[in-house]
>>> print(open('structure-v9.pdb').read())   # PDB, C-alpha atoms
MODEL        1
ATOM      1  CA  MET A   6      84.373 -50.483 -70.872
ATOM      2  CA  ILE A   7      84.695 -48.570 -67.599
ATOM      3  CA  ARG A   8      88.091 -47.237 -68.712
ATOM      4  CA  ASP A   9      86.662 -45.975 -72.031
ATOM      5  CA  LEU A  10      83.713 -44.360 -70.262
ATOM      6  CA  LEU A  11      86.053 -42.657 -67.805
ATOM      7  CA  LEU A  12      88.251 -41.361 -70.630
ATOM      8  CA  GLN A  13      85.250 -39.994 -72.511
ATOM      9  CA  SER A  14      83.980 -38.295 -69.344
ATOM     10  CA  LEU A  15      87.380 -36.763 -68.625
ATOM     11  CA  ASN A  16      87.834 -35.526 -72.188
ATOM     12  CA  LEU A  17      84.315 -34.083 -72.381
ATOM     13  CA  SER A  18      84.510 -32.397 -68.976
ATOM     14  CA  THR A  19      87.918 -30.914 -69.838
ATOM     15  CA  LEU A  20      86.639 -29.557 -73.143
ATOM     16  CA  LEU A  21      83.549 -28.076 -71.488
ATOM     17  CA  ALA A  22      85.612 -26.533 -68.681
ATOM     18  CA  CYS A  23      88.078 -25.005 -71.155
ATOM     19  CA  SER A  24      85.243 -23.576 -73.269
ATOM     20  CA  VAL A  25      84.115 -21.423 -70.307
ATOM     21  CA  LEU A  26      87.345 -21.327 -68.288
ATOM     22  CA  LYS A  27      87.876 -17.562 -68.361
ATOM     23  CA  VAL A  28      84.184 -16.573 -68.337
ATOM     24  CA  PRO A  29      84.061 -16.189 -64.516
ATOM     25  CA  GLN A  30      87.207 -14.039 -64.647
ATOM     26  CA  ILE A  31      85.819 -11.936 -67.491
ATOM     27  CA  ALA A  32      82.514 -11.485 -65.645
ATOM     28  CA  LEU A  33      84.270 -10.511 -62.394
ATOM     29  CA  LEU A  34      86.570  -8.064 -64.172
ATOM     30  CA  THR A  35      83.611  -6.494 -65.987
ATOM     31  CA  ARG A  36      81.778  -6.099 -62.698
ATOM     32  CA  THR A  37      84.681  -4.641 -60.688
ATOM     33  CA  LYS A  38      86.163  -2.667 -63.625
ATOM     34  CA  SER A  39      89.615  -3.061 -62.060
ATOM     35  CA  PRO A  40      92.469  -5.344 -63.178
ATOM     36  CA  LYS A  41      94.188  -5.152 -59.779
ATOM     37  CA  GLY A  42      95.670  -8.509 -58.808
ATOM     38  CA  ILE A  43      95.582  -9.878 -62.370
ATOM     39  CA  SER A  44      99.021 -10.191 -63.934
ATOM     40  CA  GLN A  45      99.169  -8.698 -67.433
ATOM     41  CA  ARG A  46     102.606 -10.243 -67.971
ATOM     42  CA  GLY A  47     101.277 -13.622 -66.879
ATOM     43  CA  LEU A  48      98.403 -13.384 -69.337
ATOM     44  CA  VAL A  49     100.769 -12.486 -72.201
ATOM     45  CA  LEU A  50     102.945 -15.515 -71.414
ATOM     46  CA  GLU A  51      99.880 -17.746 -71.209
ATOM     47  CA  LEU A  52      98.593 -16.475 -74.558
ATOM     48  CA  LEU A  53     101.979 -17.040 -76.178
ATOM     49  CA  GLY A  54     102.031 -20.597 -74.831
ATOM     50  CA  TYR A  55      98.552 -21.310 -76.224
ATOM     51  CA  ILE A  56      99.487 -19.777 -79.590
ATOM     52  CA  VAL A  57     102.662 -21.865 -79.825
ATOM     53  CA  PHE A  58     100.822 -25.080 -78.931
ATOM     54  CA  THR A  59      97.959 -24.442 -81.357
ATOM     55  CA  THR A  60     100.318 -23.433 -84.169
ATOM     56  CA  TYR A  61     102.425 -26.564 -83.556
ATOM     57  CA  GLU A  62      99.386 -28.852 -83.728
ATOM     58  CA  MET A  63      98.135 -27.167 -86.909
ATOM     59  CA  TYR A  64     101.584 -27.160 -88.523
ATOM     60  CA  HIS A  65     101.972 -30.898 -87.995
ATOM     61  CA  GLU A  66      98.351 -31.499 -89.063
ATOM     62  CA  TYR A  67      97.160 -33.156 -85.878
ATOM     63  CA  PRO A  68      93.413 -33.863 -85.703
ATOM     64  CA  LEU A  69      91.361 -30.913 -84.469
ATOM     65  CA  GLU A  70      90.041 -32.831 -81.466
ATOM     66  CA  ALA A  71      93.612 -33.059 -80.134
ATOM     67  CA  TYR A  72      93.764 -29.308 -79.527
ATOM     68  CA  LEU A  73      90.173 -28.104 -79.815
ATOM     69  CA  GLU A  74      90.152 -26.442 -76.404
ATOM     70  CA  TYR A  75      93.133 -24.192 -77.184
ATOM     71  CA  PRO A  76      91.453 -21.923 -79.775
ATOM     72  CA  ALA A  77      88.658 -21.424 -77.203
ATOM     73  CA  LEU A  78      91.234 -20.530 -74.550
ATOM     74  CA  ILE A  79      92.980 -18.110 -76.928
ATOM     75  CA  ALA A  80      89.662 -16.369 -77.690
ATOM     76  CA  GLN A  81      88.808 -16.043 -73.992
ATOM     77  CA  ASP A  82      92.294 -14.833 -73.062
ATOM     78  CA  THR A  83      92.130 -12.253 -75.865
ATOM     79  CA  VAL A  84      88.846 -10.845 -74.526
ATOM     80  CA  LEU A  85      90.245 -10.846 -70.977
ATOM     81  CA  PHE A  86      93.449  -9.141 -72.111
ATOM     82  CA  LEU A  87      91.551  -6.402 -73.964
ATOM     83  CA  LEU A  88      89.427  -5.785 -70.856
ATOM     84  CA  ILE A  89      92.556  -5.516 -68.692
ATOM     85  CA  LEU A  90      94.043  -2.977 -71.108
ATOM     86  CA  HIS A  91      90.742  -1.100 -71.245
ATOM     87  CA  TYR A  92      90.209  -0.854 -67.495
ATOM     88  CA  GLY A  93      93.894  -0.126 -66.984
ATOM     89  CA  GLY A  94      93.685   2.784 -69.439
ATOM     90  CA  ASN A  95      96.097   1.153 -71.894
ATOM     91  CA  LEU A  96      93.785   0.046 -74.681
ATOM     92  CA  ARG A  97      96.018   1.697 -77.296
ATOM     93  CA  GLN A  98      98.636  -0.947 -76.523
ATOM     94  CA  SER A  99      96.303  -3.590 -77.956
ATOM     95  CA  LEU A 100      97.602  -2.875 -81.483
ATOM     96  CA  ILE A 101     101.192  -3.511 -80.389
ATOM     97  CA  TYR A 102     100.241  -6.773 -78.705
ATOM     98  CA  SER A 103      98.148  -7.842 -81.706
ATOM     99  CA  LEU A 104     101.151  -7.343 -83.985
ATOM    100  CA  LEU A 105     103.303  -9.284 -81.503
ATOM    101  CA  PHE A 106     100.965 -12.284 -81.354
ATOM    102  CA  VAL A 107     100.368 -12.383 -85.119
ATOM    103  CA  GLY A 108     104.094 -11.942 -85.772
ATOM    104  CA  VAL A 109     104.980 -14.795 -83.432
ATOM    105  CA  SER A 110     102.454 -17.146 -85.040
ATOM    106  CA  GLN A 111     103.863 -16.350 -88.499
ATOM    107  CA  LEU A 112     107.486 -16.659 -87.394
ATOM    108  CA  LEU A 113     106.857 -20.084 -85.892
ATOM    109  CA  THR A 114     105.892 -21.604 -89.233
ATOM    110  CA  LEU A 115     108.898 -20.370 -91.230
ATOM    111  CA  LYS A 116     110.957 -23.481 -90.420
ATOM    112  CA  SER A 117     110.036 -26.752 -88.735
ATOM    113  CA  TRP A 118     112.931 -26.429 -86.269
ATOM    114  CA  ILE A 119     111.551 -23.069 -85.088
ATOM    115  CA  ILE A 120     108.123 -24.441 -84.213
ATOM    116  CA  ASP A 121     109.643 -27.589 -82.677
ATOM    117  CA  SER A 122     112.010 -25.519 -80.533
ATOM    118  CA  ALA A 123     109.210 -23.195 -79.459
ATOM    119  CA  MET A 124     107.033 -26.169 -78.536
ATOM    120  CA  SER A 125     109.729 -27.425 -76.184
ATOM    121  CA  LEU A 126     109.461 -24.103 -74.325
ATOM    122  CA  CYS A 127     105.669 -24.278 -73.901
ATOM    123  CA  THR A 128     105.801 -25.694 -70.380
ATOM    124  CA  LEU A 129     108.325 -23.040 -69.359
ATOM    125  CA  MET A 130     106.099 -20.255 -70.738
ATOM    126  CA  SER A 131     103.015 -21.649 -69.003
ATOM    127  CA  ALA A 132     104.864 -22.117 -65.720
ATOM    128  CA  SER A 133     106.305 -18.594 -65.968
ATOM    129  CA  SER A 134     102.802 -17.188 -66.463
ATOM    130  CA  ARG A 135     101.707 -18.815 -63.187
ATOM    131  CA  PHE A 136     104.725 -17.463 -61.312
ATOM    132  CA  ALA A 137     103.965 -14.003 -62.726
ATOM    133  CA  GLN A 138     100.393 -14.292 -61.421
ATOM    134  CA  LEU A 139     101.642 -15.427 -58.016
ATOM    135  CA  GLN A 140     104.099 -12.528 -57.881
ATOM    136  CA  CYS A 141     101.303 -10.083 -58.740
ATOM    137  CA  LEU A 142      99.131 -11.480 -55.949
ATOM    138  CA  TRP A 143     101.979 -11.329 -53.428
ATOM    139  CA  GLN A 144     102.710  -7.728 -54.349
ATOM    140  CA  THR A 145      99.124  -6.454 -54.259
ATOM    141  CA  LYS A 146      97.959  -8.763 -51.445
ATOM    142  CA  ASP A 147      94.539  -8.377 -53.039
ATOM    143  CA  ALA A 148      92.715 -11.080 -54.985
ATOM    144  CA  GLY A 149      89.394  -9.233 -55.133
ATOM    145  CA  GLN A 150      89.500  -9.052 -58.943
ATOM    146  CA  VAL A 151      90.871 -12.590 -59.476
ATOM    147  CA  SER A 152      88.328 -15.373 -60.016
ATOM    148  CA  ALA A 153      88.819 -18.383 -57.749
ATOM    149  CA  LEU A 154      86.412 -20.350 -59.971
ATOM    150  CA  THR A 155      88.584 -19.790 -63.050
ATOM    151  CA  TRP A 156      91.662 -21.082 -61.228
ATOM    152  CA  ALA A 157      89.721 -24.010 -59.774
ATOM    153  CA  MET A 158      88.666 -25.045 -63.285
ATOM    154  CA  SER A 159      92.263 -24.605 -64.509
ATOM    155  CA  THR A 160      93.458 -26.909 -61.753
ATOM    156  CA  TYR A 161      90.770 -29.464 -62.570
ATOM    157  CA  THR A 162      91.574 -29.549 -66.305
ATOM    158  CA  CYS A 163      95.247 -30.269 -65.602
ATOM    159  CA  MET A 164      94.397 -32.968 -63.070
ATOM    160  CA  ALA A 165      91.995 -34.528 -65.576
ATOM    161  CA  ARG A 166      94.767 -34.508 -68.197
ATOM    162  CA  ILE A 167      97.077 -36.280 -65.746
ATOM    163  CA  LEU A 168      94.568 -39.095 -65.348
ATOM    164  CA  THR A 169      93.895 -39.180 -69.100
ATOM    165  CA  THR A 170      97.618 -39.487 -69.844
ATOM    166  CA  VAL A 171      98.036 -42.277 -67.294
ATOM    167  CA  LEU A 172      95.123 -44.200 -68.815
ATOM    168  CA  THR A 173      96.300 -43.777 -72.419
ATOM    169  CA  SER A 174      99.846 -43.083 -73.566
ATOM    170  CA  GLY A 175     101.621 -42.908 -70.223
ATOM    171  CA  ASP A 176     103.984 -40.392 -71.852
ATOM    172  CA  LEU A 177     106.244 -39.204 -69.023
ATOM    173  CA  LYS A 178     107.030 -35.884 -70.702
ATOM    174  CA  VAL A 179     103.337 -35.039 -71.113
ATOM    175  CA  LEU A 180     102.584 -36.337 -67.631
ATOM    176  CA  LEU A 181     105.310 -34.161 -66.109
ATOM    177  CA  ARG A 182     103.945 -31.089 -67.896
ATOM    178  CA  PHE A 183     100.468 -31.561 -66.475
ATOM    179  CA  VAL A 184     101.784 -32.392 -62.993
ATOM    180  CA  ILE A 185     103.771 -29.138 -62.996
ATOM    181  CA  MET A 186     100.842 -27.097 -64.290
ATOM    182  CA  SER A 187      98.371 -28.730 -61.904
ATOM    183  CA  THR A 188     100.653 -27.921 -58.980
ATOM    184  CA  LEU A 189     101.133 -24.292 -60.048
ATOM    185  CA  ASN A 190      97.429 -23.781 -60.799
ATOM    186  CA  GLY A 191      96.614 -25.200 -57.379
ATOM    187  CA  TRP A 192      99.161 -22.862 -55.806
ATOM    188  CA  VAL A 193      97.576 -19.835 -57.501
ATOM    189  CA  LEU A 194      94.112 -21.042 -56.453
ATOM    190  CA  ALA A 195      95.208 -21.462 -52.832
ATOM    191  CA  THR A 196      96.754 -17.980 -52.848
ATOM    192  CA  VAL A 197      93.610 -16.435 -54.347
ATOM    193  CA  VAL A 198      91.387 -18.164 -51.779
ATOM    194  CA  PHE A 199      93.696 -17.090 -48.939
ATOM    195  CA  TYR A 200      93.609 -13.406 -49.897
ATOM    196  CA  LYS A 201      89.867 -13.476 -50.580
ATOM    197  CA  TRP A 202      89.090 -15.099 -47.249
ATOM    198  CA  SER A 203      91.449 -12.802 -45.377
ATOM    199  CA  GLY A 204      89.702  -9.888 -47.098
ATOM    200  CA  GLY A 205      86.273 -11.371 -46.442
ATOM    201  CA  LYS A 206      85.248 -11.759 -50.097
ATOM    202  CA  LEU A 207      85.431 -15.165 -51.707
ATOM    203  CA  LYS A 208      84.254 -15.032 -55.353
TER
ENDMDL
END
>>> encode(input="structure-v9.pdb", output="structure tokens")
Amino acid sequence: MIRDLLLQSLNLSTLLACSVLKVPQIALLTRTKSPKGISQRGLVLELLGYIVFTTYEMYHEYPLEAYLEYPALIAQDTVLFLLILHYGGNLRQSLIYSLLFVGVSQLLTLKSWIIDSAMSLCTLMSASSRFAQLQCLWQTKDAGQVSALTWAMSTYTCMARILTTVLTSGDLKVLLRFVIMSTLNGWVLATVVFYKWSGGKLK
């Protein structure tokens, strides 16, 4: 009973967090009108990872509740990406990126081995997106436009998934993925907080 209640709470809180995960970042970017400190390359890699995962789940006809948060994350990342291009003066590139993302999603479903192979690279893409964000922060030494709240929620969702996996399947591969992502999200969060505090502006 307690275990089921805990699982329901974890799943619901994760879904709710993912549904508004990028809203603080979008709001902060809209207010500052500067993408400084936010890695465009990292966001592209993250979007590709979400697209691959969602396409894989749909291709293999998994129930919607198994991946419901990912379409919400894709929508939020798309809005965030367009804002970054807009404030960076590169909005015309949005057409190129749109063709890239649509092309990738179509290519993935041509053969089952393509989507299965791409799925195996999802963790690598997600991890690479975090390293790209860390590199951007180290280079600019400015996290004024990066939302600490967004990264805190990202860290929480991965930690919640770790506990959910332990309580259910115990799948080591899935567990390892969320441990890696939780660690990297926490690393980004710590870096953001460090630069914000050192600059006197924690947001």
>>> closest_residue(input="structure-v9.pdb", among="A:Leu96, A:Leu48, A:Ile56, A:Leu20", to="Cys127 (chain A)", atoms="only C-alpha atoms")
A:Ile56
>>> atom_distance(input="structure-v9.pdb", atom1="CA of Gly204 (chain A)", atom2="CA of Gln81 (chain A)")
27.6 Å
>>> resolve_selection(input="structure-v9.pdb", expression="the PyMOL selection byres ((chain A and resi 29) around 7)", output="short mmCIF file (atom, residue, chain, number, x, y, z; two decimals) with C-alpha atoms, in the coordinates of the input")
data_model
loop_
_atom_site.label_atom_id
_atom_site.label_comp_id
_atom_site.auth_asym_id
_atom_site.auth_seq_id
_atom_site.Cartn_x
_atom_site.Cartn_y
_atom_site.Cartn_z
CA LYS A 27 87.88 -17.56 -68.36
CA VAL A 28 84.18 -16.57 -68.34
CA GLN A 30 87.21 -14.04 -64.65
CA ILE A 31 85.82 -11.94 -67.49
CA ALA A 32 82.51 -11.48 -65.64
CA LEU A 33 84.27 -10.51 -62.39
CA SER A 152 88.33 -15.37 -60.02
CA LEU A 154 86.41 -20.35 -59.97
CA THR A 155 88.58 -19.79 -63.05
#
>>> residues_near_point(input="structure-v9.pdb", point="(85.1, -28.7, -73.4)", cutoff="12 Å", atoms="only C-alpha atoms", output="PyMOL selection string")
chain A and resi 13-26+70-78+158+162+165
>>> resolve_selection(input="structure-v9.pdb", expression="the PyMOL selection byres ((chain A and resi 184) around 12)", output="list in words")
Thr128, Ala132, Thr160, Tyr161, Thr162, Cys163, Met164, Ala165, Arg166, Ile167, Leu168, Thr170, Val171, Leu177, Lys178, Val179, Leu180, Leu181, Arg182, Phe183, Ile185, Met186, Ser187, Thr188, Leu189, Asn190 and Gly191 of chain A
>>> decode(input="structure-v9.pdb", residues="region 103-119 of chain A", atoms="N, CA, C and O atoms", output="PDB file, in the first residue's frame")
ATOM      1  N   SER A 103      14.129  22.890 -38.193  1.00  0.00           N
ATOM      2  CA  SER A 103      12.838  22.205 -38.309  1.00  0.00           C
ATOM      3  C   SER A 103      12.933  21.043 -39.286  1.00  0.00           C
ATOM      4  O   SER A 103      12.438  19.940 -39.016  1.00  0.00           O
ATOM      5  N   LEU A 104      13.582  21.292 -40.428  1.00  0.00           N
ATOM      6  CA  LEU A 104      13.777  20.228 -41.419  1.00  0.00           C
ATOM      7  C   LEU A 104      14.638  19.105 -40.853  1.00  0.00           C
ATOM      8  O   LEU A 104      14.379  17.917 -41.107  1.00  0.00           O
ATOM      9  N   LEU A 105      15.643  19.479 -40.049  1.00  0.00           N
ATOM     10  CA  LEU A 105      16.519  18.477 -39.426  1.00  0.00           C
ATOM     11  C   LEU A 105      15.727  17.581 -38.487  1.00  0.00           C
ATOM     12  O   LEU A 105      15.805  16.349 -38.576  1.00  0.00           O
ATOM     13  N   PHE A 106      14.942  18.184 -37.588  1.00  0.00           N
ATOM     14  CA  PHE A 106      14.206  17.409 -36.598  1.00  0.00           C
ATOM     15  C   PHE A 106      13.132  16.537 -37.244  1.00  0.00           C
ATOM     16  O   PHE A 106      12.963  15.369 -36.868  1.00  0.00           O
ATOM     17  N   VAL A 107      12.415  17.092 -38.223  1.00  0.00           N
ATOM     18  CA  VAL A 107      11.386  16.312 -38.919  1.00  0.00           C
ATOM     19  C   VAL A 107      12.036  15.184 -39.718  1.00  0.00           C
ATOM     20  O   VAL A 107      11.553  14.045 -39.725  1.00  0.00           O
ATOM     21  N   GLY A 108      13.149  15.503 -40.376  1.00  0.00           N
ATOM     22  CA  GLY A 108      13.871  14.490 -41.158  1.00  0.00           C
ATOM     23  C   GLY A 108      14.363  13.343 -40.296  1.00  0.00           C
ATOM     24  O   GLY A 108      14.247  12.165 -40.682  1.00  0.00           O
ATOM     25  N   VAL A 109      14.893  13.674 -39.133  1.00  0.00           N
ATOM     26  CA  VAL A 109      15.376  12.637 -38.210  1.00  0.00           C
ATOM     27  C   VAL A 109      14.231  11.740 -37.763  1.00  0.00           C
ATOM     28  O   VAL A 109      14.354  10.507 -37.755  1.00  0.00           O
ATOM     29  N   SER A 110      13.106  12.343 -37.382  1.00  0.00           N
ATOM     30  CA  SER A 110      11.966  11.550 -36.911  1.00  0.00           C
ATOM     31  C   SER A 110      11.438  10.611 -37.998  1.00  0.00           C
ATOM     32  O   SER A 110      10.994   9.494 -37.705  1.00  0.00           O
ATOM     33  N   GLN A 111      11.489  11.062 -39.261  1.00  0.00           N
ATOM     34  CA  GLN A 111      11.037  10.216 -40.367  1.00  0.00           C
ATOM     35  C   GLN A 111      12.044   9.116 -40.679  1.00  0.00           C
ATOM     36  O   GLN A 111      11.676   7.972 -40.946  1.00  0.00           O
ATOM     37  N   LEU A 112      13.325   9.464 -40.630  1.00  0.00           N
ATOM     38  CA  LEU A 112      14.378   8.485 -40.897  1.00  0.00           C
ATOM     39  C   LEU A 112      14.368   7.352 -39.891  1.00  0.00           C
ATOM     40  O   LEU A 112      14.591   6.187 -40.238  1.00  0.00           O
ATOM     41  N   LEU A 113      14.077   7.672 -38.647  1.00  0.00           N
ATOM     42  CA  LEU A 113      14.100   6.677 -37.574  1.00  0.00           C
ATOM     43  C   LEU A 113      13.122   5.534 -37.804  1.00  0.00           C
ATOM     44  O   LEU A 113      13.370   4.402 -37.384  1.00  0.00           O
ATOM     45  N   THR A 114      12.007   5.824 -38.459  1.00  0.00           N
ATOM     46  CA  THR A 114      10.959   4.815 -38.613  1.00  0.00           C
ATOM     47  C   THR A 114      11.055   4.018 -39.915  1.00  0.00           C
ATOM     48  O   THR A 114      10.176   3.216 -40.203  1.00  0.00           O
ATOM     49  N   LEU A 115      12.098   4.244 -40.696  1.00  0.00           N
ATOM     50  CA  LEU A 115      12.238   3.509 -41.961  1.00  0.00           C
ATOM     51  C   LEU A 115      12.457   2.015 -41.722  1.00  0.00           C
ATOM     52  O   LEU A 115      11.882   1.175 -42.408  1.00  0.00           O
ATOM     53  N   LYS A 116      13.312   1.695 -40.743  1.00  0.00           N
ATOM     54  CA  LYS A 116      13.611   0.304 -40.405  1.00  0.00           C
ATOM     55  C   LYS A 116      13.671   0.173 -38.881  1.00  0.00           C
ATOM     56  O   LYS A 116      14.108   1.099 -38.185  1.00  0.00           O
ATOM     57  N   SER A 117      13.262  -0.977 -38.382  1.00  0.00           N
ATOM     58  CA  SER A 117      13.262  -1.168 -36.927  1.00  0.00           C
ATOM     59  C   SER A 117      14.669  -1.102 -36.347  1.00  0.00           C
ATOM     60  O   SER A 117      14.869  -0.618 -35.231  1.00  0.00           O
ATOM     61  N   TRP A 118      15.685  -1.554 -37.114  1.00  0.00           N
ATOM     62  CA  TRP A 118      17.044  -1.548 -36.584  1.00  0.00           C
ATOM     63  C   TRP A 118      17.574  -0.112 -36.443  1.00  0.00           C
ATOM     64  O   TRP A 118      18.422   0.161 -35.585  1.00  0.00           O
ATOM     65  N   ILE A 119      17.045   0.798 -37.268  1.00  0.00           N
ATOM     66  CA  ILE A 119      17.475   2.200 -37.176  1.00  0.00           C
ATOM     67  C   ILE A 119      16.991   2.819 -35.870  1.00  0.00           C
ATOM     68  O   ILE A 119      17.765   3.425 -35.124  1.00  0.00           O
TER      69      ILE A 119
END
